[in-house]
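This is protein_4.pdb. It holds PDB, C-alpha atoms.
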ATOM      1  CA  MET A   1      -6.472   8.801   8.612
ATOM      2  CA  LEU A   2      -5.421   7.451   5.228
ATOM      3  CA  ASN A   3      -4.183   3.838   5.362
ATOM      4  CA  VAL A   4      -1.511   2.150   3.255
ATOM      5  CA  VAL A   5      -1.569  -1.643   3.266
ATOM      6  CA  LEU A   6       1.373  -3.755   2.107
ATOM      7  CA  VAL A   7       0.410  -7.377   1.591
ATOM      8  CA  GLU A   8       3.470  -9.571   2.101
ATOM      9  CA  PRO A   9       6.164  -7.015   1.217
ATOM     10  CA  GLU A  10       9.469  -8.586   0.261
ATOM     11  CA  ILE A  11      12.080  -5.826   0.092
ATOM     12  CA  PRO A  12      12.938  -3.861   3.241
ATOM     13  CA  GLN A  13      14.165  -0.832   1.286
ATOM     14  CA  ASN A  14      10.773  -0.484  -0.417
ATOM     15  CA  THR A  15       8.997  -0.771   2.910
ATOM     16  CA  GLY A  16      11.349   1.861   4.326
ATOM     17  CA  ASN A  17      10.581   4.232   1.458
ATOM     18  CA  ILE A  18       6.862   3.619   1.936
ATOM     19  CA  ALA A  19       7.154   4.243   5.673
ATOM     20  CA  ARG A  20       8.808   7.583   4.851
ATOM     21  CA  THR A  21       5.933   8.475   2.506
ATOM     22  CA  CYS A  22       3.413   7.534   5.209
ATOM     23  CA  ALA A  23       5.283   9.653   7.762
ATOM     24  CA  CYS A  24       5.356  12.646   5.428
ATOM     25  CA  VAL A  25       1.589  12.584   4.795
ATOM     26  CA  GLY A  26       0.403  11.223   8.154
ATOM     27  CA  ALA A  27      -0.861   7.888   6.822
ATOM     28  CA  ARG A  28      -1.066   4.684   8.847
ATOM     29  CA  LEU A  29       1.005   1.755   7.496
ATOM     30  CA  HIS A  30      -0.409  -1.779   7.670
ATOM     31  CA  LEU A  31       2.073  -4.621   7.163
ATOM     32  CA  VAL A  32       0.567  -8.007   6.329
ATOM     33  CA  GLU A  33       2.654 -11.118   7.088
ATOM     34  CA  PRO A  34       4.476 -13.048   5.942
ATOM     35  CA  MET A  35       7.044 -10.489   4.907
ATOM     36  CA  GLY A  36      10.239 -11.248   3.010
ATOM     37  CA  PHE A  37      12.261  -9.780   5.884
ATOM     38  CA  ARG A  38      12.020  -9.281   9.623
ATOM     39  CA  LEU A  39      11.409  -5.896  11.203
ATOM     40  CA  THR A  40      14.671  -5.934  13.103
ATOM     41  CA  GLN A  41      16.704  -2.835  13.918
ATOM     42  CA  LYS A  42      19.308  -3.998  11.379
ATOM     43  CA  ASN A  43      16.734  -4.295   8.588
ATOM     44  CA  LEU A  44      15.155  -0.976   9.502
ATOM     45  CA  ALA A  45      18.565   0.683   9.339
ATOM     46  CA  ARG A  46      19.284  -1.066   6.038
ATOM     47  CA  ALA A  47      15.995   0.312   4.717
ATOM     48  CA  GLY A  48      17.516   3.742   5.291
ATOM     49  CA  CYS A  49      14.495   5.204   7.026
ATOM     50  CA  ASP A  50      14.890   7.366  10.085
ATOM     51  CA  TYR A  51      11.141   8.116  10.104
ATOM     52  CA  TRP A  52       9.909   4.858  11.669
ATOM     53  CA  ASP A  53       8.983   6.607  14.918
ATOM     54  CA  GLU A  54       6.768   9.017  12.914
ATOM     55  CA  VAL A  55       4.599   6.235  11.439
ATOM     56  CA  GLU A  56       1.768   4.326  13.068
ATOM     57  CA  ILE A  57       2.351   0.715  12.041
ATOM     58  CA  VAL A  58      -0.268  -2.015  12.313
ATOM     59  CA  ARG A  59       0.871  -5.599  11.744
ATOM     60  CA  TRP A  60      -1.397  -8.387  10.540
ATOM     61  CA  ALA A  61      -0.630 -12.098  10.869
ATOM     62  CA  CYS A  62      -2.063 -12.886   7.430
ATOM     63  CA  VAL A  63      -4.065 -11.436   4.557
ATOM     64  CA  GLN A  64      -7.245 -13.166   5.727
ATOM     65  CA  ASP A  65      -7.038 -11.402   9.105
ATOM     66  CA  PHE A  66      -6.708  -8.010   7.436
ATOM     67  CA  PHE A  67      -9.664  -8.537   5.086
ATOM     68  CA  GLU A  68     -11.835  -9.990   7.878
ATOM     69  CA  ALA A  69     -11.232  -6.786   9.837
ATOM     70  CA  HIS A  70     -11.448  -4.281   6.961
ATOM     71  CA  GLY A  71     -13.205  -6.031   4.067
ATOM     72  CA  LYS A  72     -16.247  -3.763   4.402
ATOM     73  CA  ASP A  73     -14.228  -0.544   4.700
ATOM     74  CA  GLU A  74     -13.301   1.708   1.787
ATOM     75  CA  LEU A  75     -10.691  -0.320  -0.077
ATOM     76  CA  HIS A  76      -8.695   0.538  -3.193
ATOM     77  CA  LEU A  77      -6.649  -2.410  -4.391
ATOM     78  CA  PHE A  78      -3.838  -1.511  -6.789
ATOM     79  CA  THR A  79      -3.230  -4.106  -9.489
ATOM     80  CA  GLY A  80      -2.272  -4.273 -13.134
ATOM     81  CA  HIS A  81      -5.115  -6.748 -13.829
ATOM     82  CA  VAL A  82      -7.933  -4.217 -14.286
ATOM     83  CA  THR A  83      -8.642  -1.287 -16.581
ATOM     84  CA  ARG A  84      -9.984   1.348 -14.167
ATOM     85  CA  SER A  85      -7.390   4.030 -13.384
ATOM     86  CA  TYR A  86      -6.586   5.049  -9.832
ATOM     87  CA  THR A  87      -7.657   8.599 -10.802
ATOM     88  CA  GLU A  88     -11.202   7.459 -11.638
ATOM     89  CA  VAL A  89     -12.174   6.789  -8.022
ATOM     90  CA  THR A  90     -12.869   9.018  -5.036
ATOM     91  CA  TYR A  91     -10.745   8.512  -1.942
ATOM     92  CA  GLY A  92     -12.156   9.095   1.521
ATOM     93  CA  SER A  93     -10.044  10.234   4.434
ATOM     94  CA  ASP A  94     -10.136   6.748   6.011
ATOM     95  CA  ALA A  95      -9.512   4.827   2.775
ATOM     96  CA  PHE A  96      -7.258   1.783   2.614
ATOM     97  CA  LEU A  97      -4.847   1.729  -0.353
ATOM     98  CA  VAL A  98      -3.839  -1.913  -0.717
ATOM     99  CA  PHE A  99      -0.700  -3.065  -2.549
ATOM    100  CA  GLY A 100       0.676  -6.558  -3.160
ATOM    101  CA  ARG A 101       4.176  -7.895  -2.901
ATOM    102  CA  GLU A 102       6.896  -6.879  -5.296
ATOM    103  CA  SER A 103       7.247 -10.182  -7.151
ATOM    104  CA  LYS A 104       3.597 -11.216  -7.622
ATOM    105  CA  GLY A 105       1.280  -8.377  -6.632
ATOM    106  CA  LEU A 106      -1.944  -9.156  -4.813
ATOM    107  CA  PRO A 107      -3.218 -12.745  -4.586
ATOM    108  CA  GLU A 108      -5.647 -13.553  -7.405
ATOM    109  CA  GLU A 109      -8.382 -14.648  -5.003
ATOM    110  CA  ILE A 110      -8.263 -11.218  -3.309
ATOM    111  CA  ILE A 111      -8.483  -9.428  -6.680
ATOM    112  CA  GLU A 112     -11.479 -11.583  -7.624
ATOM    113  CA  ALA A 113     -13.204 -11.055  -4.270
ATOM    114  CA  TYR A 114     -12.758  -7.269  -4.402
ATOM    115  CA  GLN A 115     -12.937  -6.711  -8.182
ATOM    116  CA  ASP A 116     -15.040  -3.546  -7.815
ATOM    117  CA  ALA A 117     -12.393  -2.003  -5.557
ATOM    118  CA  CYS A 118      -9.473  -2.612  -7.927
ATOM    119  CA  VAL A 119      -7.607   0.175  -9.707
ATOM    120  CA  ARG A 120      -4.464   0.419 -11.782
ATOM    121  CA  ILE A 121      -1.729   2.927 -12.486
ATOM    122  CA  PRO A 122      -1.552   3.387 -16.270
ATOM    123  CA  MET A 123       1.697   2.439 -17.988
ATOM    124  CA  ARG A 124       2.908   1.305 -21.356
ATOM    125  CA  GLU A 125       1.592  -1.997 -22.647
ATOM    126  CA  GLY A 126       3.823  -4.982 -22.032
ATOM    127  CA  LEU A 127       5.465  -3.594 -18.915
ATOM    128  CA  ARG A 128       4.647  -5.428 -15.706
ATOM    129  CA  SER A 129       4.811  -2.870 -12.916
ATOM    130  CA  LEU A 130       6.358   0.155 -11.299
ATOM    131  CA  ASN A 131       8.499  -0.098  -8.204
ATOM    132  CA  LEU A 132       6.260  -0.712  -5.187
ATOM    133  CA  SER A 133       7.340   2.405  -3.301
ATOM    134  CA  ASN A 134       6.717   4.542  -6.403
ATOM    135  CA  SER A 135       3.261   3.020  -6.828
ATOM    136  CA  VAL A 136       2.376   3.730  -3.223
ATOM    137  CA  ALA A 137       3.552   7.332  -3.551
ATOM    138  CA  ILE A 138       1.453   7.825  -6.690
ATOM    139  CA  GLY A 139      -1.667   6.443  -5.005
ATOM    140  CA  VAL A 140      -1.143   8.245  -1.714
ATOM    141  CA  TYR A 141      -0.550  11.627  -3.307
ATOM    142  CA  GLU A 142      -3.634  11.293  -5.510
ATOM    143  CA  ALA A 143      -5.695  10.513  -2.412
ATOM    144  CA  MET A 144      -4.155  13.461  -0.554
ATOM    145  CA  ARG A 145      -4.806  15.767  -3.532
ATOM    146  CA  GLN A 146      -8.459  14.728  -3.579
ATOM    147  CA  LEU A 147      -8.665  15.313   0.177
ATOM    148  CA  GLY A 148      -7.357  18.866  -0.181
ATOM    149  CA  TRP A 149      -3.898  17.923   1.125
ATOM    150  CA  GLY A 150      -5.116  17.654   4.723
ATOM    151  CA  ASN A 151      -2.620  19.284   7.059
ATOM    152  CA  LEU A 152       0.309  19.153   4.623
ATOM    153  CA  VAL A 153       2.303  22.330   4.068
TER
END
Write-out of the structure in structure tokens:
Amino acid sequence: MLNVVLVEPEIPQNTGNIARTCACVGARLHLVEPMGFRLTQKNLARAGCDYWDEVEIVRWACVQDFFEAHGKDELHLFTGHVTRSYTEVTYGSDAFLVFGRESKGLPEEIIEAYQDACVRIPMREGLRSLNLSNSVAIGVYEAMRQLGWGNLV
């Protein structure tokens, strides 16, 4: 199963959109604390996602816990601090697509530790980033395309 990892997400609406993407493709969603919001019913409703029951969600207490558990798995860290495009790598069916928080991206020490696993989504020079939920959708659908779309119709 494809895995989407959000490291310290800050905006519940983005997380809701990402949960919807995960539900639509059958990906597992990993949420790494601390988050900028609480997963309360009110925040889930505010995120506008009625697909939460269709998504397997795994919560992690901190980024160190996630990387201790999955640091040797197939990781693809999305960041604007490298030159290799997300289309230049091969995605396995159990890959982990890792995204940082909206305001700062992934922690620099994580990027340095996993430099060979880092990819970027090309964009015009001087622009900082795409919306997090858009970035996740781009990465997830490239992985699904490479995997032959799995069981999608």
Under the PyMOL selection byres ((chain A and resi 131) around 12), which residues of this model are included? Write them out as a list of chain:residue names.
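That selection, the PyMOL selection byres ((chain A and resi 131) around 12), comes back as A:Pro9, A:Ile11, A:Gln13, A:Asn14, A:Thr15, A:Asn17, A:Ile18, A:Phe99, A:Gly100, A:Arg101, A:Glu102, A:Ser103, A:Gly105, A:Ile121, A:Leu127, A:Arg128, A:Ser129, A:Leu130, A:Leu132, A:Ser133, A:Asn134, A:Ser135, A:Val136, A:Ala137, A:Ile138.
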Distance in Å - atom CA of Arg38 of chain A versus atom CA of Pro12 of chain A
8.4 Å
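Neighbouring residues of Gln64 of chain A at 12 Å or closer, counting only C-alpha atoms and skipping chain neighbours under 4 positions away, are A:Val7, A:Glu8, A:Val32, A:Glu33, A:Pro34, A:Trp60, A:Glu68, A:Ala69, A:His70, A:Gly71, A:Pro107, A:Glu109, A:Ile110, A:Ala113.
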What would the file look like if the residues just selected were written as a PDB file, in the frame of the given file with C-alpha atoms?
ATOM      1  CA  VAL A   7       0.410  -7.377   1.591  1.00  0.00           C
ATOM      2  CA  GLU A   8       3.470  -9.571   2.101  1.00  0.00           C
ATOM      3  CA  VAL A  32       0.567  -8.007   6.329  1.00  0.00           C
ATOM      4  CA  GLU A  33       2.654 -11.118   7.088  1.00  0.00           C
ATOM      5  CA  PRO A  34       4.476 -13.048   5.942  1.00  0.00           C
ATOM      6  CA  TRP A  60      -1.397  -8.387  10.540  1.00  0.00           C
ATOM      7  CA  GLU A  68     -11.835  -9.990   7.878  1.00  0.00           C
ATOM      8  CA  ALA A  69     -11.232  -6.786   9.837  1.00  0.00           C
ATOM      9  CA  HIS A  70     -11.448  -4.281   6.961  1.00  0.00           C
ATOM     10  CA  GLY A  71     -13.205  -6.031   4.067  1.00  0.00           C
ATOM     11  CA  PRO A 107      -3.218 -12.745  -4.586  1.00  0.00           C
ATOM     12  CA  GLU A 109      -8.382 -14.648  -5.003  1.00  0.00           C
ATOM     13  CA  ILE A 110      -8.263 -11.218  -3.309  1.00  0.00           C
ATOM     14  CA  ALA A 113     -13.204 -11.055  -4.270  1.00  0.00           C
TER      15      ALA A 113
END
Straight-line distance linking atom CA of Val82 of chain A with atom CA of Leu147 of chain A, stated in Å to one decimal
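Atom-to-atom, atom CA of Val82 of chain A and atom CA of Leu147 of chain A are spaced 24.3 Å apart.
Note that atom CA of Thr21 of chain A and atom CA of Ser93 of chain A are 16.2 Å apart.
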Using all atoms listed in the file: which of A:Gly139, A:Gly126, A:Gly92, A:Gly26 has the shortest distance to Phe78 of chain A:
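Looking at the shortest contact to Phe78 of chain A, the residue is A:Gly139.
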Apply the PyMOL selection byres ((chain A and resi 23) around 10) to the file shown and report the selected residues as a list of chain:residue names.
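The output of the PyMOL selection byres ((chain A and resi 23) around 10) on this file is A:Asn17, A:Ile18, A:Ala19, A:Arg20, A:Thr21, A:Cys22, A:Cys24, A:Val25, A:Gly26, A:Ala27, A:Arg28, A:Leu29, A:Tyr51, A:Trp52, A:Asp53, A:Glu54, A:Val55, A:Glu56.
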Let me have the centre and edge lengths in Å, one decimal, of the box along x, y and z around every listed atom of segment 19-30 of chain A with 3 Å of margin on each side, as AutoDock Vina command-line options.
--center_x 3.9 --center_y 5.4 --center_z 5.7 --size_x 15.9 --size_y 20.4 --size_z 12.3
Which residues would end up in the selection if the PyMOL selection byres ((chain A and resi 122) around 10) were applied here, given that I need the answer as a list of chain:residue names?
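When the PyMOL selection byres ((chain A and resi 122) around 10) is applied to the shown file, the picked residues are A:Gly80, A:Thr83, A:Arg84, A:Ser85, A:Tyr86, A:Thr87, A:Val119, A:Arg120, A:Ile121, A:Met123, A:Arg124, A:Glu125, A:Ser129, A:Leu130.
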